[in-house]
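Undergrad: What follows is the file work14.cif, containing mmCIF, C-alpha atoms:
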```cif
data_my_file
loop_
_atom_site.label_atom_id
_atom_site.label_comp_id
_atom_site.auth_asym_id
_atom_site.auth_seq_id
_atom_site.Cartn_x
_atom_site.Cartn_y
_atom_site.Cartn_z
CA MET A 100 -7.53 27.74 37.00
CA LYS A 101 -8.54 30.58 39.30
CA ARG A 102 -12.16 31.72 39.33
CA ASP A 103 -11.34 35.25 38.09
CA GLU A 104 -9.22 34.07 35.13
CA ALA A 105 -10.69 33.77 31.65
CA PRO A 106 -10.80 30.16 30.43
CA ASN A 107 -8.08 29.14 28.00
CA PRO A 108 -9.88 28.46 24.68
CA LEU A 109 -7.52 25.60 23.80
CA ALA A 110 -8.14 23.95 27.15
CA VAL A 111 -11.90 24.26 26.66
CA LEU A 112 -11.69 22.75 23.16
CA GLY A 113 -9.35 20.03 24.40
CA LEU A 114 -11.74 19.02 27.16
CA ALA A 115 -14.66 19.00 24.72
CA ALA A 116 -12.71 16.85 22.22
CA ALA A 117 -11.54 14.46 24.95
CA GLY A 118 -15.14 13.85 26.02
CA LEU A 119 -16.48 13.38 22.50
CA ARG A 120 -17.74 9.90 21.61
CA ALA A 121 -18.92 8.80 18.17
CA GLU A 122 -21.92 7.00 19.64
CA HIS A 123 -23.20 10.35 20.97
CA LEU A 124 -23.11 12.03 17.55
CA PRO A 125 -25.94 12.05 15.00
CA ALA A 126 -25.58 9.35 12.32
CA ASP A 127 -25.27 11.92 9.49
CA VAL A 128 -22.36 13.61 11.29
CA VAL A 129 -20.56 10.27 11.72
CA LYS A 130 -21.14 9.43 8.05
CA CYS A 131 -19.81 12.83 6.96
CA CYS A 132 -16.72 12.44 9.16
CA LYS A 133 -16.01 8.99 7.71
CA GLN A 134 -16.28 10.41 4.19
CA ARG A 135 -13.84 13.21 5.03
CA ILE A 136 -11.35 10.80 6.56
CA LEU A 137 -11.49 8.51 3.52
CA ASP A 138 -11.14 11.51 1.21
CA THR A 139 -8.09 12.69 3.14
CA LEU A 140 -6.50 9.24 2.99
CA GLY A 141 -7.21 9.10 -0.75
CA CYS A 142 -5.54 12.49 -1.22
CA MET A 143 -2.57 11.24 0.79
CA VAL A 144 -2.16 8.14 -1.41
CA ALA A 145 -2.56 10.14 -4.63
CA GLY A 146 -0.18 12.84 -3.42
CA TYR A 147 2.37 10.27 -2.37
CA HIS A 148 2.53 9.04 -5.95
CA ALA A 149 2.69 12.57 -7.44
CA GLY A 150 6.47 12.77 -7.29
CA ILE A 151 7.26 14.78 -4.15
CA ALA A 152 7.23 11.96 -1.62
CA ASP A 153 10.84 10.89 -2.11
CA ALA A 154 12.17 14.37 -1.40
CA ILE A 155 9.89 14.85 1.62
CA ARG A 156 10.71 11.42 3.05
CA SER A 157 14.46 11.97 2.56
CA TYR A 158 14.26 15.32 4.35
CA VAL A 159 12.23 13.91 7.23
CA LEU A 160 14.50 10.91 7.75
CA ALA A 161 17.63 13.11 7.61
CA GLN A 162 16.33 15.13 10.58
CA GLY A 163 16.66 12.21 12.99
CA GLY A 164 14.86 12.45 16.31
CA ALA A 165 12.84 10.14 18.52
CA HIS A 166 11.16 7.16 16.89
CA GLU A 167 7.67 8.01 18.09
CA ALA A 168 5.58 7.89 14.90
CA THR A 169 5.36 5.79 11.75
CA LEU A 170 6.00 7.35 8.39
CA LEU A 171 3.56 5.94 5.86
CA PRO A 172 3.53 3.93 3.67
CA HIS A 173 6.84 2.14 4.31
CA GLY A 174 6.91 2.21 8.10
CA GLN A 175 10.06 4.21 8.85
CA LYS A 176 10.07 5.82 12.28
CA THR A 177 10.40 9.54 12.98
CA THR A 178 9.07 12.19 15.34
CA ALA A 179 5.35 12.87 15.44
CA ALA A 180 5.89 16.41 14.13
CA LEU A 181 7.94 15.24 11.15
CA ALA A 182 5.45 12.46 10.37
CA GLY A 183 2.74 15.13 10.38
CA LEU A 184 4.82 17.27 8.02
CA ALA A 185 5.37 14.37 5.64
CA HIS A 186 1.79 13.15 5.68
CA GLY A 187 0.42 16.68 5.29
CA SER A 188 2.75 17.18 2.33
CA TYR A 189 1.54 13.93 0.79
CA ILE A 190 -2.07 15.07 1.24
CA HIS A 191 -1.29 18.21 -0.78
CA GLY A 192 1.10 16.37 -3.09
CA LEU A 193 -0.96 16.78 -6.22
CA GLU A 194 -1.07 20.53 -5.71
CA LEU A 195 2.63 20.73 -4.80
CA SER A 196 3.91 18.60 -7.68
CA ASP A 197 4.65 20.18 -10.99
CA GLY A 198 3.44 17.19 -12.98
CA LYS A 199 2.41 18.09 -16.51
CA ASP A 200 -0.56 15.73 -16.55
CA HIS A 201 -2.18 17.09 -13.41
CA VAL A 202 -4.33 20.17 -12.98
CA PRO A 203 -5.02 21.00 -9.29
CA ASN A 204 -8.66 20.96 -8.20
CA ALA A 205 -8.79 24.74 -7.71
CA GLN A 206 -7.74 25.32 -11.32
CA ARG A 207 -10.19 22.70 -12.58
CA ARG A 208 -13.12 24.66 -11.14
CA MET A 209 -11.99 28.01 -12.52
CA PRO A 210 -13.08 28.98 -16.04
CA ARG A 211 -10.22 29.11 -18.49
CA SER A 212 -9.44 32.60 -19.79
CA GLY A 213 -7.56 31.35 -22.83
CA ARG A 214 -4.45 33.19 -21.65
CA ARG A 215 -1.29 31.51 -20.50
CA PRO A 216 -0.08 32.47 -17.03
CA GLN A 217 2.79 34.91 -17.10
CA ARG A 218 6.11 33.63 -15.92
CA ALA A 219 8.02 35.66 -13.38
CA ARG A 220 10.92 37.51 -14.96
CA PRO A 221 14.29 37.71 -13.25
CA LEU A 222 14.85 40.85 -11.17
CA SER A 223 16.95 43.50 -12.87
CA ASP A 224 19.48 45.67 -11.05
CA ALA A 225 16.93 48.54 -11.13
CA ASP A 226 14.33 46.26 -9.47
CA ARG A 227 16.77 45.32 -6.72
CA SER A 228 17.72 48.94 -6.00
CA GLY A 229 14.08 50.05 -5.87
CA HIS A 230 14.17 52.33 -8.96
#
```
Would it be possible to restate this file's structure as structure tokens?

TA:
Amino acid sequence: MKRDEAPNPLAVLGLAAAGLRAEHLPADVVKCCKQRILDTLGCMVAGYHAGIADAIRSYVLAQGGAHEATLLPHGQKTTAALAGLAHGSYIHGLELSDGKDHVPNAQRRMPRSGRRPQRARPLSDADRSGH
């Protein structure tokens, strides 16, 4: 990089992350990170069993590509990007599934109004024409 150029923020963050070592972090930060990682893995396992995993896995495997990453939990190989898509979808699986027995966390924290959510109605011809 030339001296008169502004530093690339991603390069700065990348260098900082590459030099980061757990032994240099405060113990409470390490403990918090471990808790977040375990929580994320727990969400991934729960989301995997929420009913969307089969569709996501089928889609990912149908895309083909280089065998550079492992698709959990069964060990199929796919690209790193598609493994990230699948695993991220599993992590949010409980929110993405339409299971009747599950209420997403965000809804659990919100007070109930006693009203049922309105369902979207089909668009009429007047709606489509903008009148």

Undergrad: Using only C-alpha atoms, find the one residue out of A:Ala185, A:Ala116, A:Ala110, A:Leu170 that sits nearest to Ile151 of chain A.

TA: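 Of A:Ala185, A:Ala116, A:Ala110, A:Leu170, the one nearest Ile151 of chain A is A:Ala185, counting only C-alpha atoms.
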
Undergrad: Any chance you could resolve the PyMOL selection byres ((chain A and resi 142) around 12) against this file and give the residues as a PyMOL selection string?

TA: chain A and resi 135-141+143-149+186-194+203-204

Undergrad: Output C-alpha atoms of each residue in that selection to a file, as an mmCIF file, in the frame of the given file.

TA:
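Output file out.cif is given in full below:
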```
data_model
loop_
_atom_site.group_PDB
_atom_site.id
_atom_site.type_symbol
_atom_site.label_atom_id
_atom_site.label_comp_id
_atom_site.auth_asym_id
_atom_site.auth_seq_id
_atom_site.Cartn_x
_atom_site.Cartn_y
_atom_site.Cartn_z
ATOM 1 C CA ARG A 135 -13.840 13.210 5.030
ATOM 2 C CA ILE A 136 -11.350 10.800 6.560
ATOM 3 C CA LEU A 137 -11.490 8.510 3.520
ATOM 4 C CA ASP A 138 -11.140 11.510 1.210
ATOM 5 C CA THR A 139 -8.090 12.690 3.140
ATOM 6 C CA LEU A 140 -6.500 9.240 2.990
ATOM 7 C CA GLY A 141 -7.210 9.100 -0.750
ATOM 8 C CA MET A 143 -2.570 11.240 0.790
ATOM 9 C CA VAL A 144 -2.160 8.140 -1.410
ATOM 10 C CA ALA A 145 -2.560 10.140 -4.630
ATOM 11 C CA GLY A 146 -0.180 12.840 -3.420
ATOM 12 C CA TYR A 147 2.370 10.270 -2.370
ATOM 13 C CA HIS A 148 2.530 9.040 -5.950
ATOM 14 C CA ALA A 149 2.690 12.570 -7.440
ATOM 15 C CA HIS A 186 1.790 13.150 5.680
ATOM 16 C CA GLY A 187 0.420 16.680 5.290
ATOM 17 C CA SER A 188 2.750 17.180 2.330
ATOM 18 C CA TYR A 189 1.540 13.930 0.790
ATOM 19 C CA ILE A 190 -2.070 15.070 1.240
ATOM 20 C CA HIS A 191 -1.290 18.210 -0.780
ATOM 21 C CA GLY A 192 1.100 16.370 -3.090
ATOM 22 C CA LEU A 193 -0.960 16.780 -6.220
ATOM 23 C CA GLU A 194 -1.070 20.530 -5.710
ATOM 24 C CA PRO A 203 -5.020 21.000 -9.290
ATOM 25 C CA ASN A 204 -8.660 20.960 -8.200
#
```

Undergrad: Taking all atoms of segment 154-166 of chain A that appear in the file, build a box with edges along x, y and z, extend it by 8 Å on every side, and state its centre and edge lengths in Å to one decimal, as JSON.

TA:
```
{"center_x": 13.8, "center_y": 11.2, "center_z": 8.6, "size_x": 23.7, "size_y": 24.2, "size_z": 35.9}
```

Undergrad: I need the residue nearest Leu181 of chain A from this list: A:Pro108, A:Pro125, A:Gly163, A:Gly150. Use only C-alpha atoms for the distance.

TA: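 Among the listed residues, the smallest separation from Leu181 of chain A belongs to A:Gly163.
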
Undergrad: Find the distance between atom CA of Thr169 of chain A and atom CA of Ala182 of chain A and write it in Å to one decimal.

TA: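 The value is 6.8 Å.
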
Undergrad: Mind pulling up the distance from atom CA of Gln175 of chain A to atom CA of Ala152 of chain A?

TA: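 Atom CA of Gln175 of chain A lies 13.3 Å from atom CA of Ala152 of chain A.
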
Undergrad: Quick check, in Å to one decimal: how far apart do atom CA of Asp153 of chain A and atom CA of Gly174 of chain A lie?

TA: 14.0 Å
